[in-house]
$ cat input-v3.txt   # compact mmCIF, C-alpha atoms and all ligand atoms
# COMPACT_ATOMS: atom_id res chain seq x y z
CA MET A 21 -15.69 8.02 -49.73
CA ALA A 22 -15.71 9.34 -46.18
CA GLY A 23 -15.82 13.09 -46.72
CA PRO A 24 -12.92 15.55 -46.36
CA GLU A 25 -13.35 16.05 -42.59
CA ILE A 26 -13.01 12.33 -41.87
CA GLU A 27 -10.17 11.93 -44.38
CA ARG A 28 -8.29 14.80 -42.73
CA LEU A 29 -8.79 13.23 -39.30
CA ILE A 30 -7.56 9.82 -40.55
CA GLN A 31 -4.51 11.44 -42.16
CA LEU A 32 -3.52 13.17 -38.91
CA LEU A 33 -4.12 10.04 -36.83
CA ALA A 34 -1.95 8.02 -39.25
CA ARG A 35 0.99 10.29 -38.33
CA LEU A 36 0.93 9.18 -34.69
CA PRO A 37 3.62 6.67 -33.66
CA GLY A 38 2.44 3.07 -34.00
CA LEU A 39 -0.57 3.89 -36.18
CA GLY A 40 -0.77 3.25 -39.93
CA PRO A 41 -3.55 4.12 -42.38
CA ARG A 42 -5.64 1.08 -41.44
CA SER A 43 -5.41 1.52 -37.68
CA ALA A 44 -5.99 5.27 -38.11
CA ARG A 45 -9.29 4.44 -39.83
CA ARG A 46 -10.25 2.13 -36.96
CA VAL A 47 -9.40 4.84 -34.43
CA ALA A 48 -11.40 7.46 -36.37
CA LEU A 49 -14.45 5.18 -36.47
CA ARG A 50 -14.20 4.40 -32.76
CA LEU A 51 -14.04 8.12 -32.07
CA LEU A 52 -17.09 8.82 -34.26
CA GLU A 53 -19.01 5.98 -32.60
CA ARG A 54 -18.18 7.35 -29.14
CA ARG A 55 -18.50 11.00 -29.92
CA GLU A 56 -19.68 12.27 -26.56
CA ILE A 57 -17.72 9.99 -24.27
CA LEU A 58 -14.44 9.83 -26.20
CA MET A 59 -14.11 12.14 -29.22
CA GLU A 60 -15.26 15.36 -27.57
CA PRO A 61 -13.26 14.81 -24.35
CA LEU A 62 -10.15 13.97 -26.41
CA ALA A 63 -10.60 17.06 -28.59
CA GLN A 64 -10.87 19.14 -25.43
CA ALA A 65 -7.89 17.48 -23.73
CA LEU A 66 -5.74 18.07 -26.83
CA THR A 67 -6.84 21.69 -27.16
CA GLU A 68 -6.12 22.29 -23.50
CA ALA A 69 -2.76 20.51 -23.58
CA ALA A 70 -1.70 22.37 -26.74
CA ALA A 71 -2.62 25.68 -25.12
CA ARG A 72 -1.16 25.07 -21.67
CA ILE A 73 1.73 22.61 -21.84
CA ARG A 74 5.14 23.91 -22.80
CA PRO A 75 8.72 22.66 -22.51
CA CYS A 76 10.39 23.84 -19.29
CA ARG A 77 13.06 26.35 -20.30
CA ARG A 78 15.31 25.06 -17.54
CA CYS A 79 15.26 21.28 -18.18
CA GLY A 80 13.13 20.56 -21.28
CA ASN A 81 10.44 18.57 -19.41
CA PHE A 82 6.81 19.24 -20.41
CA ASP A 83 4.57 21.00 -17.89
CA THR A 84 1.91 23.67 -17.54
CA VAL A 85 4.29 25.70 -15.38
CA ASP A 86 7.74 27.00 -16.28
CA PRO A 87 10.02 26.12 -14.51
CA CYS A 88 8.39 22.68 -14.34
CA ALA A 89 7.27 20.99 -11.12
CA ILE A 90 10.53 19.02 -10.89
CA CYS A 91 12.78 22.09 -11.35
CA ALA A 92 10.66 24.05 -8.84
CA ASP A 93 10.45 21.29 -6.19
CA PRO A 94 12.71 22.33 -3.25
CA ARG A 95 12.85 18.70 -2.06
CA ARG A 96 14.75 17.62 -5.20
CA ASP A 97 18.53 17.46 -4.73
CA PRO A 98 20.08 20.27 -6.82
CA SER A 99 23.54 18.69 -6.65
CA LEU A 100 22.48 15.69 -8.79
CA LEU A 101 21.82 16.42 -12.47
CA CYS A 102 20.54 13.64 -14.72
CA VAL A 103 21.00 13.99 -18.51
CA VAL A 104 18.35 12.19 -20.59
CA GLU A 105 17.72 11.86 -24.32
CA ASP A 106 14.08 12.97 -24.27
CA VAL A 107 11.04 13.47 -22.05
CA ALA A 108 10.06 9.80 -22.50
CA ALA A 109 13.34 8.86 -20.78
CA LEU A 110 12.73 11.48 -18.07
CA TRP A 111 9.31 9.96 -17.39
CA ALA A 112 10.84 6.47 -17.34
CA MET A 113 13.36 7.67 -14.71
CA GLU A 114 10.59 9.27 -12.67
CA ARG A 115 8.48 6.10 -12.75
CA THR A 116 11.25 4.25 -10.92
CA GLY A 117 10.92 6.68 -7.98
CA SER A 118 14.65 6.14 -7.34
CA PHE A 119 16.06 9.46 -8.54
CA SER A 120 15.74 12.55 -6.38
CA GLY A 121 17.81 15.04 -8.39
CA ARG A 122 16.96 17.19 -11.37
CA TYR A 123 17.18 16.78 -15.15
CA VAL A 124 18.43 18.14 -18.42
CA VAL A 125 16.68 16.86 -21.56
CA LEU A 126 19.00 16.79 -24.58
CA GLY A 127 16.23 16.49 -27.14
CA GLY A 128 18.09 13.80 -29.09
CA LEU A 129 21.49 12.15 -29.39
CA LEU A 130 24.58 12.96 -31.44
CA SER A 131 24.33 11.08 -34.71
CA ALA A 132 26.69 11.28 -37.66
CA LEU A 133 24.22 9.32 -39.78
CA ASP A 134 21.25 11.59 -39.05
CA GLY A 135 23.42 14.71 -39.10
CA VAL A 136 22.74 15.62 -35.45
CA GLY A 137 25.60 17.67 -34.01
CA PRO A 138 26.21 19.26 -30.60
CA ASP A 139 24.42 22.49 -31.58
CA ASP A 140 21.20 20.56 -32.25
CA LEU A 141 20.98 19.31 -28.67
CA GLY A 142 20.43 20.98 -25.29
CA ILE A 143 24.12 20.81 -24.45
CA GLY A 144 24.37 24.54 -23.79
CA ARG A 145 21.61 24.10 -21.25
CA LEU A 146 23.65 21.38 -19.52
CA LEU A 147 26.87 23.43 -19.48
CA ASP A 148 25.00 26.49 -18.17
CA ARG A 149 23.48 24.44 -15.37
CA VAL A 150 26.90 23.08 -14.37
CA GLY A 151 28.45 26.54 -14.71
CA GLU A 152 25.94 28.01 -12.26
CA GLY A 153 27.59 25.88 -9.55
CA GLY A 154 25.95 23.66 -6.97
CA VAL A 155 26.04 20.55 -9.17
CA ALA A 156 28.23 17.81 -7.68
CA GLU A 157 27.45 14.99 -10.09
CA VAL A 158 26.15 14.71 -13.65
CA ILE A 159 24.54 11.33 -14.37
CA LEU A 160 24.46 10.53 -18.07
CA ALA A 161 21.32 8.35 -18.30
CA LEU A 162 21.69 7.71 -22.03
CA PRO A 163 20.82 4.57 -24.00
CA ALA A 164 23.43 1.86 -24.53
CA THR A 165 23.42 2.40 -28.28
CA VAL A 166 26.20 3.74 -30.53
CA ASP A 167 24.61 7.21 -30.59
CA GLY A 168 23.90 7.12 -26.85
CA GLN A 169 27.47 6.19 -25.97
CA THR A 170 28.95 8.65 -28.49
CA THR A 171 26.89 11.36 -26.85
CA ALA A 172 27.94 10.22 -23.36
CA HIS A 173 31.64 10.33 -24.29
CA TYR A 174 31.25 13.75 -25.89
CA LEU A 175 29.52 15.14 -22.79
CA ALA A 176 32.08 13.55 -20.45
CA GLU A 177 34.85 15.28 -22.40
CA ARG A 178 33.06 18.63 -22.31
CA LEU A 179 32.64 18.33 -18.54
CA GLU A 180 36.21 17.12 -17.92
CA GLY A 181 38.41 19.30 -15.73
CA GLY A 182 35.50 20.85 -13.86
CA ALA A 183 34.65 20.18 -10.23
CA VAL A 184 31.76 17.94 -11.20
CA ALA A 185 31.79 14.14 -11.15
CA VAL A 186 30.43 12.50 -14.30
CA SER A 187 28.78 9.08 -14.13
CA GLY A 188 26.78 6.88 -16.46
CA LEU A 189 24.11 4.26 -15.95
CA ALA A 190 25.84 0.94 -15.70
CA GLN A 191 24.65 -2.48 -14.74
CA GLY A 192 21.38 -3.66 -16.21
CA VAL A 193 20.92 -1.48 -19.25
CA PRO A 194 20.78 -3.94 -22.15
CA VAL A 195 22.67 -3.04 -25.31
CA GLY A 196 20.33 -1.42 -27.80
CA GLY A 197 17.77 -0.77 -25.06
CA ASP A 198 15.69 2.38 -24.90
CA LEU A 199 15.01 3.63 -21.35
CA ASP A 200 11.33 3.96 -22.14
CA HIS A 201 11.07 0.23 -22.93
CA LEU A 202 12.82 -1.01 -19.77
CA ASP A 203 11.15 -2.17 -16.58
CA ASP A 204 11.50 0.04 -13.51
CA GLY A 205 13.67 -2.48 -11.63
CA THR A 206 16.30 -2.56 -14.37
CA ILE A 207 16.53 1.22 -14.45
CA THR A 208 16.72 1.37 -10.65
CA ALA A 209 19.56 -1.18 -10.58
CA ALA A 210 21.44 0.63 -13.34
CA LEU A 211 21.09 3.91 -11.45
CA ARG A 212 22.35 2.45 -8.15
CA ALA A 213 25.37 0.83 -9.82
CA ARG A 214 26.24 3.88 -11.87
CA ARG A 215 29.96 4.31 -12.59
CA ARG A 216 32.26 7.14 -13.53
CA VAL A 217 32.95 7.52 -17.25
CA MET B 2 4.74 12.91 -12.47
CA ALA B 3 3.44 14.50 -15.67
CA GLY B 4 0.72 16.83 -14.40
CA PRO B 5 -3.04 16.27 -14.53
CA GLU B 6 -3.49 17.64 -18.09
CA ILE B 7 -0.97 15.19 -19.55
CA GLU B 8 -2.31 12.31 -17.44
CA ARG B 9 -5.83 13.03 -18.66
CA LEU B 10 -4.62 13.09 -22.26
CA ILE B 11 -2.77 9.77 -21.84
CA GLN B 12 -5.84 8.17 -20.22
CA LEU B 13 -8.07 9.18 -23.15
CA LEU B 14 -5.51 8.06 -25.75
CA ALA B 15 -5.19 4.69 -23.98
CA ARG B 16 -8.91 4.09 -24.69
CA LEU B 17 -8.36 4.15 -28.46
CA PRO B 18 -8.33 0.76 -30.22
CA GLY B 19 -4.82 -0.68 -30.49
CA LEU B 20 -3.27 1.66 -27.91
CA GLY B 21 -2.33 0.66 -24.36
CA PRO B 22 -0.94 2.81 -21.54
CA ARG B 23 2.63 2.66 -22.90
CA SER B 24 1.79 3.51 -26.50
CA ALA B 25 -0.60 6.22 -25.27
CA ARG B 26 2.35 7.83 -23.44
CA ARG B 27 4.44 7.66 -26.62
CA VAL B 28 1.63 9.23 -28.62
CA ALA B 29 1.16 11.99 -26.03
CA LEU B 30 4.87 12.83 -26.11
CA ARG B 31 4.96 12.88 -29.92
CA LEU B 32 1.98 15.24 -29.85
CA LEU B 33 3.65 17.54 -27.31
CA GLU B 34 6.91 17.52 -29.30
CA ARG B 35 5.00 18.45 -32.49
CA ARG B 36 2.52 20.83 -30.99
CA GLU B 37 2.04 23.18 -33.92
CA ILE B 38 2.28 20.70 -36.78
CA LEU B 39 0.43 17.76 -35.21
CA MET B 40 -1.25 18.39 -31.84
CA GLU B 41 -3.06 21.61 -32.71
CA PRO B 42 -4.25 20.38 -36.16
CA LEU B 43 -5.46 17.11 -34.59
CA ALA B 44 -7.29 18.96 -31.81
CA GLN B 45 -8.97 21.10 -34.45
CA ALA B 46 -9.83 18.16 -36.73
CA LEU B 47 -11.38 16.31 -33.78
CA THR B 48 -13.35 19.34 -32.63
CA GLU B 49 -14.64 19.91 -36.15
CA ALA B 50 -15.47 16.23 -36.74
CA ALA B 51 -17.27 16.00 -33.39
CA ALA B 52 -19.31 19.09 -34.22
CA ARG B 53 -20.14 18.29 -37.84
CA ILE B 54 -20.16 14.52 -38.42
CA ARG B 55 -23.30 12.58 -37.50
CA PRO B 56 -24.70 9.16 -38.36
CA CYS B 57 -26.99 9.30 -41.40
CA ARG B 58 -30.54 8.66 -40.16
CA ARG B 59 -31.31 6.70 -43.30
CA CYS B 60 -28.39 4.23 -43.42
CA GLY B 61 -26.13 4.75 -40.37
CA ASN B 62 -23.05 5.90 -42.35
CA PHE B 63 -21.08 8.87 -40.93
CA ASP B 64 -21.17 12.14 -42.84
CA THR B 65 -21.48 15.90 -42.42
CA VAL B 66 -24.77 15.81 -44.33
CA ASP B 67 -27.94 13.84 -43.49
CA PRO B 68 -28.91 11.93 -45.59
CA CYS B 69 -25.30 11.04 -46.31
CA ALA B 70 -23.60 11.44 -49.68
CA ILE B 71 -24.27 7.79 -50.58
CA CYS B 72 -27.99 7.94 -49.71
CA ALA B 73 -28.32 11.24 -51.59
CA ASP B 74 -26.37 10.19 -54.69
CA PRO B 75 -28.89 9.70 -57.54
CA ARG B 76 -26.39 7.56 -59.46
CA ARG B 77 -26.51 4.83 -56.79
CA ASP B 78 -28.90 1.99 -57.59
CA PRO B 79 -31.81 2.18 -55.12
CA SER B 80 -32.91 -1.39 -55.91
CA LEU B 81 -29.76 -2.89 -54.31
CA LEU B 82 -29.53 -2.64 -50.53
CA CYS B 83 -26.39 -3.88 -48.76
CA VAL B 84 -26.58 -4.74 -45.04
CA VAL B 85 -23.30 -4.28 -43.13
CA GLU B 86 -22.29 -4.75 -39.50
CA ASP B 87 -20.76 -1.30 -39.02
CA VAL B 88 -19.36 1.74 -40.82
CA ALA B 89 -15.92 0.08 -41.03
CA ALA B 90 -17.51 -2.65 -43.17
CA LEU B 91 -19.34 -0.01 -45.24
CA TRP B 92 -16.03 1.74 -45.92
CA ALA B 93 -14.41 -1.61 -46.78
CA MET B 94 -17.21 -2.25 -49.34
CA GLU B 95 -16.79 1.26 -50.77
CA ARG B 96 -13.03 0.82 -51.14
CA THR B 97 -13.61 -2.06 -53.54
CA GLY B 98 -15.51 0.28 -55.89
CA SER B 99 -17.59 -2.72 -56.93
CA PHE B 100 -20.91 -1.94 -55.26
CA SER B 101 -23.22 0.67 -56.71
CA GLY B 102 -26.26 0.29 -54.44
CA ARG B 103 -27.05 1.71 -51.01
CA TYR B 104 -26.51 0.55 -47.43
CA VAL B 105 -28.05 -0.18 -44.09
CA VAL B 106 -25.64 -0.26 -41.13
CA LEU B 107 -26.82 -2.65 -38.39
CA GLY B 108 -24.55 -1.24 -35.70
CA GLY B 109 -23.54 -4.71 -34.52
CA LEU B 110 -24.50 -8.37 -34.82
CA LEU B 111 -26.94 -10.58 -32.94
CA SER B 112 -25.05 -12.22 -30.09
CA ALA B 113 -26.48 -14.45 -27.40
CA LEU B 114 -23.18 -14.22 -25.49
CA ASP B 115 -23.03 -10.42 -25.51
CA GLY B 116 -26.78 -10.10 -25.03
CA VAL B 117 -27.34 -8.30 -28.34
CA GLY B 118 -30.91 -8.88 -29.56
CA PRO B 119 -32.81 -7.69 -32.65
CA ASP B 120 -33.97 -4.51 -30.90
CA ASP B 121 -30.38 -3.43 -30.32
CA LEU B 122 -29.63 -3.34 -34.06
CA GLY B 123 -30.84 -1.22 -36.98
CA ILE B 124 -33.20 -3.97 -38.16
CA GLY B 125 -36.25 -1.69 -38.09
CA ARG B 126 -34.35 0.62 -40.42
CA LEU B 127 -33.80 -2.30 -42.82
CA LEU B 128 -37.44 -3.44 -42.74
CA ASP B 129 -38.64 0.16 -43.23
CA ARG B 130 -36.40 0.55 -46.27
CA VAL B 131 -37.68 -2.69 -47.80
CA GLY B 132 -41.26 -1.74 -46.91
CA GLU B 133 -40.95 1.54 -48.80
CA GLY B 134 -40.70 -0.50 -51.99
CA GLY B 135 -38.18 -0.16 -54.82
CA VAL B 136 -35.69 -2.60 -53.29
CA ALA B 137 -35.22 -5.69 -55.48
CA GLU B 138 -32.35 -7.33 -53.61
CA VAL B 139 -30.94 -7.20 -50.08
CA ILE B 140 -27.30 -8.27 -49.91
CA LEU B 141 -26.28 -9.44 -46.44
CA ALA B 142 -22.58 -8.49 -46.38
CA LEU B 143 -21.98 -9.89 -42.90
CA PRO B 144 -18.86 -11.59 -41.52
CA ALA B 145 -18.48 -15.37 -41.77
CA THR B 146 -18.55 -15.76 -38.00
CA VAL B 147 -21.14 -17.43 -35.78
CA ASP B 148 -22.72 -14.08 -34.90
CA GLY B 149 -22.53 -12.89 -38.52
CA GLN B 150 -24.26 -15.97 -39.88
CA THR B 151 -26.82 -16.03 -37.05
CA THR B 152 -27.67 -12.44 -37.94
CA ALA B 153 -27.85 -13.27 -41.67
CA HIS B 154 -30.24 -16.17 -41.06
CA TYR B 155 -32.40 -14.05 -38.77
CA LEU B 156 -32.63 -11.27 -41.38
CA ALA B 157 -33.32 -13.74 -44.21
CA GLU B 158 -36.26 -15.12 -42.20
CA ARG B 159 -37.62 -11.66 -41.47
CA LEU B 160 -37.47 -10.80 -45.17
CA GLU B 161 -38.95 -14.13 -46.32
CA GLY B 162 -42.23 -13.99 -48.24
CA GLY B 163 -41.65 -10.45 -49.48
CA ALA B 164 -40.93 -9.52 -53.07
CA VAL B 165 -37.27 -8.92 -52.32
CA ALA B 166 -34.44 -11.34 -53.10
CA VAL B 167 -32.01 -11.95 -50.25
CA SER B 168 -28.38 -12.84 -50.95
CA GLY B 169 -25.22 -13.17 -48.93
CA LEU B 170 -21.54 -12.69 -49.71
CA ALA B 171 -20.20 -16.04 -50.73
CA GLN B 172 -16.96 -17.09 -52.30
CA GLY B 173 -13.82 -15.67 -50.82
CA VAL B 174 -14.84 -14.54 -47.37
CA PRO B 175 -12.67 -16.59 -45.00
CA VAL B 176 -14.30 -18.04 -41.90
CA GLY B 177 -13.71 -15.76 -38.93
CA GLY B 178 -12.73 -12.91 -41.23
CA ASP B 179 -13.78 -9.33 -40.61
CA LEU B 180 -14.59 -7.34 -43.76
CA ASP B 181 -12.37 -4.52 -42.59
CA HIS B 182 -9.32 -6.82 -42.55
CA LEU B 183 -9.80 -8.29 -46.03
CA ASP B 184 -8.17 -7.13 -49.22
CA ASP B 185 -10.35 -5.40 -51.80
CA GLY B 186 -10.06 -8.25 -54.34
CA THR B 187 -11.45 -10.83 -51.91
CA ILE B 188 -14.43 -8.63 -51.11
CA THR B 189 -15.04 -7.93 -54.80
CA ALA B 190 -14.97 -11.66 -55.63
CA ALA B 191 -17.31 -12.49 -52.77
CA LEU B 192 -19.72 -9.80 -53.91
CA ARG B 193 -19.74 -11.02 -57.53
CA ALA B 194 -20.33 -14.63 -56.49
CA ARG B 195 -23.04 -13.80 -53.97
CA ARG B 196 -25.70 -16.49 -53.52
CA ARG B 197 -29.26 -16.62 -52.25
CA VAL B 198 -29.66 -17.62 -48.60
ZN ZN A 301 12.16 21.74 -15.59
ZN ZN A 302 -26.95 7.39 -45.61

$ encode --input "input-v3.txt" --output "structure tokens" --more "lines below"
Ligand SMILES: [Zn+2]
Ligand SMILES: [Zn+2]
Amino acid sequence: MAGPEIERLIQLLARLPGLGPRSARRVALRLLERREILMEPLAQALTEAAARIRPCRRCGNFDTVDPCAICADPRRDPSLLCVVEDVAALWAMERTGSFSGRYVVLGGLLSALDGVGPDDLGIGRLLDRVGEGGVAEVILALPATVDGQTTAHYLAERLEGGAVAVSGLAQGVPVGGDLDHLDDGTITAALRARRRV
Amino acid sequence: MAGPEIERLIQLLARLPGLGPRSARRVALRLLERREILMEPLAQALTEAAARIRPCRRCGNFDTVDPCAICADPRRDPSLLCVVEDVAALWAMERTGSFSGRYVVLGGLLSALDGVGPDDLGIGRLLDRVGEGGVAEVILALPATVDGQTTAHYLAERLEGGAVAVSGLAQGVPVGGDLDHLDDGTITAALRARRRV
């Protein structure tokens, strides 16, 4: 009823998180109604982002430069390395403004149910970074879920025996809580009260 | 923290209906994580839609051709003209499969509060269509809200005295209900039981 171009657009929009077929239709119509002030700028922003933004090969963050701005910033403390599940968690950490070190993005969590093993995650990247030297502490900023804690224990074991201290976020992270859905104050408190694991 | 390209993308996504700043961030990250299978196809679909899809000058529907496929379809009954608030309502009518006539999209409803007067809507388009002759019945498929019914009464008065019958959706449309949020059966029933106004 709406032509193949519109149907294709609705289908793609329906694959975005939080949108279903009905809300994808509403979004498509809003875009068509605001072609010049919304649809064309969004098309351009997406084209530009797809062409220019890549994962940082060093940490996994997204940026137009590689290494990313955080990895390249000489004011960030290279002795503190924060391990996060994904870029959403990295951004959540950054929003708190309370972490001055650098990151490694795992790109997921160990999960027996979903069949995610160590080789599927950026664990090699973490071990390489620690092996280079200069890292005094690895902070495992992982969610307080079964998979998050399984992953934290696995990483703590892999790092055991080295010169590096391993800590985890502690106080304030609610069980089952995703970093991206927590308020900044809770994350800040959990970071300050981090404990060895 | 995320670079100007990503910030720009998040800002545009946050202007879509149903998305706020947090869900726009989630959408942006999903797009970046699925660059080749989601972000690039969506950028292309938006670029193509923005370039090719226009409002039909005859009825206001969106299509790549003008007049649109509905206006151009010789199997549609030209004596039945359905007046809808917007293209979302037109699509909702089409999904029912129970209307075989043609449309006029108003592009809104009369609203004293929002300062929407007759000149802001496609009422001239409606009167022109009726004036051309060949229309036997105008169906006012407008929402059962204050603005919807105000608009229906205004249009019924403007069409009074002509040779054309004016009807409105009746049974089944709940008060305060938007066409786009109703199930197909309710719309079909309301269309079948339409009454003169
Ligand atoms: Zn980096
Ligand atoms: Zn048309």

$ residues_near_ligand --input "input-v3.txt" --ligand "ligand ZN 301 (chain A)" --cutoff "6 Å" --atoms "only C-alpha atoms and all ligand atoms" --output "VMD selection string"
chain A and resid 76 78 to 81 87 to 88 90 to 91

$ closest_residue --input "input-v3.txt" --among "B:Glu161, B:Leu39, B:Ala89, B:Glu133" --to "Arg45 in chain A" --atoms "all atoms listed in the file"
B:Ala89

$ atom_distance --input "input-v3.txt" --atom1 "CA of Ser131 in chain A" --atom2 "CA of Arg212 in chain A"
28.0 Å

$ atom_distance --input "input-v3.txt" --atom1 "CA of Gly132 in chain B" --atom2 "CA of Gly163 in chain B"
9.1 Å

$ residues_around --input "input-v3.txt" --residues "Asp120 in chain B" --least-positions-apart "2" --cutoff "12 Å" --atoms "all atoms listed in the file" --output "list in words"
Leu107, Gly108, Gly109, Leu110, Leu111, Ser112, Gly116, Val117, Gly118, Leu122, Gly123, Ile124, Gly125 and Arg126 of chain B

$ interface_residues --input "input-v3.txt" --of "chain B" --to "chain A" --cutoff "9 Å" --atoms "all atoms listed in the file" --output "ChimeraX atom specification"
/B:2-4,6-7,9-10,13-14,16-20,23-24,26-28,30-34,36-37,39-56,62-65,70-71,88-89,92,95-96,181-182

$ closest_residue --input "input-v3.txt" --among "A:Val184, A:Ser118, A:Ala34, A:Pro94" --to "Asp204 in chain A" --atoms "all atoms listed in the file"
A:Ser118

$ closest_residue --input "input-v3.txt" --among "A:Phe119, A:Gly188, A:Leu101, A:Leu175" --to "Pro138 in chain A" --atoms "all atoms listed in the file"
A:Leu175

$ axis_aligned_box --input "input-v3.txt" --around "range 206-210 of chain A" --padding-each-side "6 Å" --output "JSON"
{"center_x": 18.9, "center_y": -0.6, "center_z": -12.5, "size_x": 17.1, "size_y": 15.9, "size_z": 15.9}

$ closest_residue --input "input-v3.txt" --among "B:Val85, B:Val105, B:Met94, B:Ala145" --to "ligand ZN 302 (chain A)" --atoms "all atoms listed in the file"
B:Val105

$ atom_distance --input "input-v3.txt" --atom1 "CA of Arg122 in chain A" --atom2 "CA of Ala210 in chain A"
17.3 Å

$ closest_residue --input "input-v3.txt" --among "B:Ala153, B:Ala113, B:Val136, B:Leu183" --to "Ala90 in chain B" --atoms "all atoms listed in the file"
B:Leu183

$ closest_residue --input "input-v3.txt" --among "B:Leu143, B:Leu81, B:Ala73, B:Ala137" --to "ligand ZN 302 (chain A)" --atoms "all atoms listed in the file"
B:Ala73
